Every structure is written in structure tokens, then in C-alpha cells.
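Undergrad: To start, I am sharing the structure in question, which I have written as C-alpha cells.
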Amino acid sequence: MIKIANILVTLTMLLFVVGCMSSGGTRIDNIPMYGQPEVHRPEVLQQADADFIAKASAGFGSREEASKVWWSQGERFMNSGNFDYAMRRYNQSWLLNPENYQPYWGFARVLMEQNKIDEAISHLETAEALVDDEYQKVALLADLGTAYTYKAKTEPSYFEKANQKFEESIQLDGSYAESRRRWAYSLFEQKDYSRAWENVEKANALGSKPFSPAFLSALEAAAPKRP
């Protein structure tokens, strides 16, 4: 663990200069894919990228493995609420392996927190096209269903897409409670209260995180639960 931590610190410092470059007042490493292809990558940063990739690949055996390590670091920051640092690690993960679905998923998670729904959907769809892990795909589809639900608040046609992704997630793994939980909230937004209740019950049976009291009260007011 100490060796891995030392490699991460050393290699991350190689790209410190990236943070000094900005786009509209925003650190370029806080923008997915460093703003590429729209933002030109200066030669000095291209060289820093190449050095980083070479050393990270050597440190972890391959670009693919190094990409996974940097993504996991992004997840650690994401889960602690440090979205800027999470985005920087996701960017490094992407730089190491643009064919890895994980950094695109990470980009989308940060963008959802920033209420940039359209951009988040774009990256989630890219992640879905690239994902090669059926286990992780279950949660990825639930996230995509959630993003489509947010989009449907302004474009209702996206509810159909949301339902499709939640259904696909459940078909892959019916024991993943979060898919049922997210779908219940989505179905409430669709005013499909009977199916919302159905998914509340199934999520609870699977040991889901508790639903918010406000949500359950609103659902009860809209359609009282049958005894």
C-alpha cells in the first residue's frame, strides 16, 4: 500500500502544471477530458501527459491497470464530497486509458452534482457503450436511468428511456436494491404511483437505504398504500 501511495503522489505531481492552465476561470483539470477536443492541448502539457503515462504504466504494469487505480482514487474523493479532486483523478484515469468506461462514469457523477444533466448523460452513454463488467453495469444503468429522470422533468419523453434503463439494470441483477429505489422515485415523478409503491416494497425487501420520509408522505398523499 505504501508503494502504491508513493507512486500516486509522485505521478500526480507530474501533472500539477495542468492545474495552472485555465479555461474561463476554471482549472482545466476540473473539466472532463481537460476540455478536449474543444480546448487545444499545449505542447508542454502534451509532453507532461506522455511522461505521466509512461511512468504510471511502468509503475502499475500497464496503462489499463493504472487507469483503474486512478479511477479508484477518484471514487475515494467523490465519496468524500471532494468533487474537484475527484474530477482530476478521473481525468488522469481517462488520460491513461480512453477506452476505460470508468472515468466517463466518474465525469458524469461529478457533472450530476453540478446539475449539468446533458453533459452527464453524454458521458454515461459513453460509459454504457464501453462497459465490459456486467457487475458494474448494473449500477451504471441505474445511474443512467436517474439522469434520464432528471432530464425528463423538462423533456418528458426521457421517462421512457429511464424506465428502460432501470428495467435493464434489474434484469441483470434483481438483487440490487438501489435500482428499485431509484426507479420508485422516477415512477413517482411519472405519476405512476402503483408501480412506485411496488418498487418501494421490493427495494425495502432487498434491504435498500431508507426512503426519505418526505417522499413516502408525498407518495401516500398521492395514492394511499393499500393494507
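Order determines the names: the first chain of the C-alpha cells is A, the second B, and so forth; residues in each chain are numbered 1 upward, and ligands are numbered 1 upward as they are shown.
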Can you write out as CSV which residues of range 120-181 of chain A fall within 12 Å of range 27-46 of chain A, alongside each residue's closest atom pair and its distance in Å to one decimal, counting only C-alpha atoms and ordering rows by chain and ascending residue number?

TA:
```
residue,atom,partner,partner_atom,distance
A:Ala120,CA,A:Pro32,CA,10.1
A:Ser122,CA,A:Pro32,CA,11.4
A:His123,CA,A:Pro32,CA,9.2
```

Undergrad: Could you write those residues out with all heavy atoms, as a compact mmCIF listing (two decimals), in the first residue's frame?

TA:
```txt
# COMPACT_ATOMS: atom_id res chain seq x y z
N ALA A 120 -23.72 15.13 -18.36
CA ALA A 120 -23.65 13.88 -17.60
C ALA A 120 -24.20 12.73 -18.41
O ALA A 120 -23.61 11.64 -18.46
CB ALA A 120 -24.41 14.02 -16.28
N SER A 122 -24.36 12.43 -21.63
CA SER A 122 -23.44 12.11 -22.72
C SER A 122 -22.33 11.18 -22.24
O SER A 122 -21.99 10.19 -22.91
CB SER A 122 -22.84 13.40 -23.29
OG SER A 122 -21.89 13.12 -24.29
N HIS A 123 -21.76 11.47 -21.08
CA HIS A 123 -20.67 10.64 -20.57
C HIS A 123 -21.18 9.29 -20.07
O HIS A 123 -20.49 8.26 -20.24
CB HIS A 123 -19.93 11.38 -19.46
CG HIS A 123 -19.08 12.51 -19.96
ND1 HIS A 123 -18.01 12.32 -20.80
CD2 HIS A 123 -19.16 13.85 -19.76
CE1 HIS A 123 -17.45 13.48 -21.09
NE2 HIS A 123 -18.14 14.43 -20.47
```

Undergrad: Using only C-alpha atoms for the distances, tell me which of A:Ala218, A:Ala142, A:Met87, A:Ala48 is nearest to Gln73 in chain A.

TA: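 When distances to Gln73 in chain A are compared using only C-alpha atoms, the smallest one comes from A:Met87.
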
Undergrad: Find the residues around Lys151 in chain A up to 12 Å (only C-alpha atoms counted), leave out those fewer than 2 positions away in its own chain, and share them as number ranges by chain.

TA: A: 112, 115-122, 144-149, 153-162, 186, 189

Undergrad: Just how far from CA of Ala54 in chain A is CA of Met78 in chain A, in Å to one decimal?

TA: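 The value is 26.0 Å.
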
Undergrad: Quick one: everything within 8 Å of Glu178 in chain A, counting only C-alpha atoms, minus sequence neighbours fewer than 4 positions away in the same chain. Send it as a list in words.

TA: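 My list of contacting residues is Ala139, Ala142, Arg182, Ala203, Ser208 and Lys209 of chain A.
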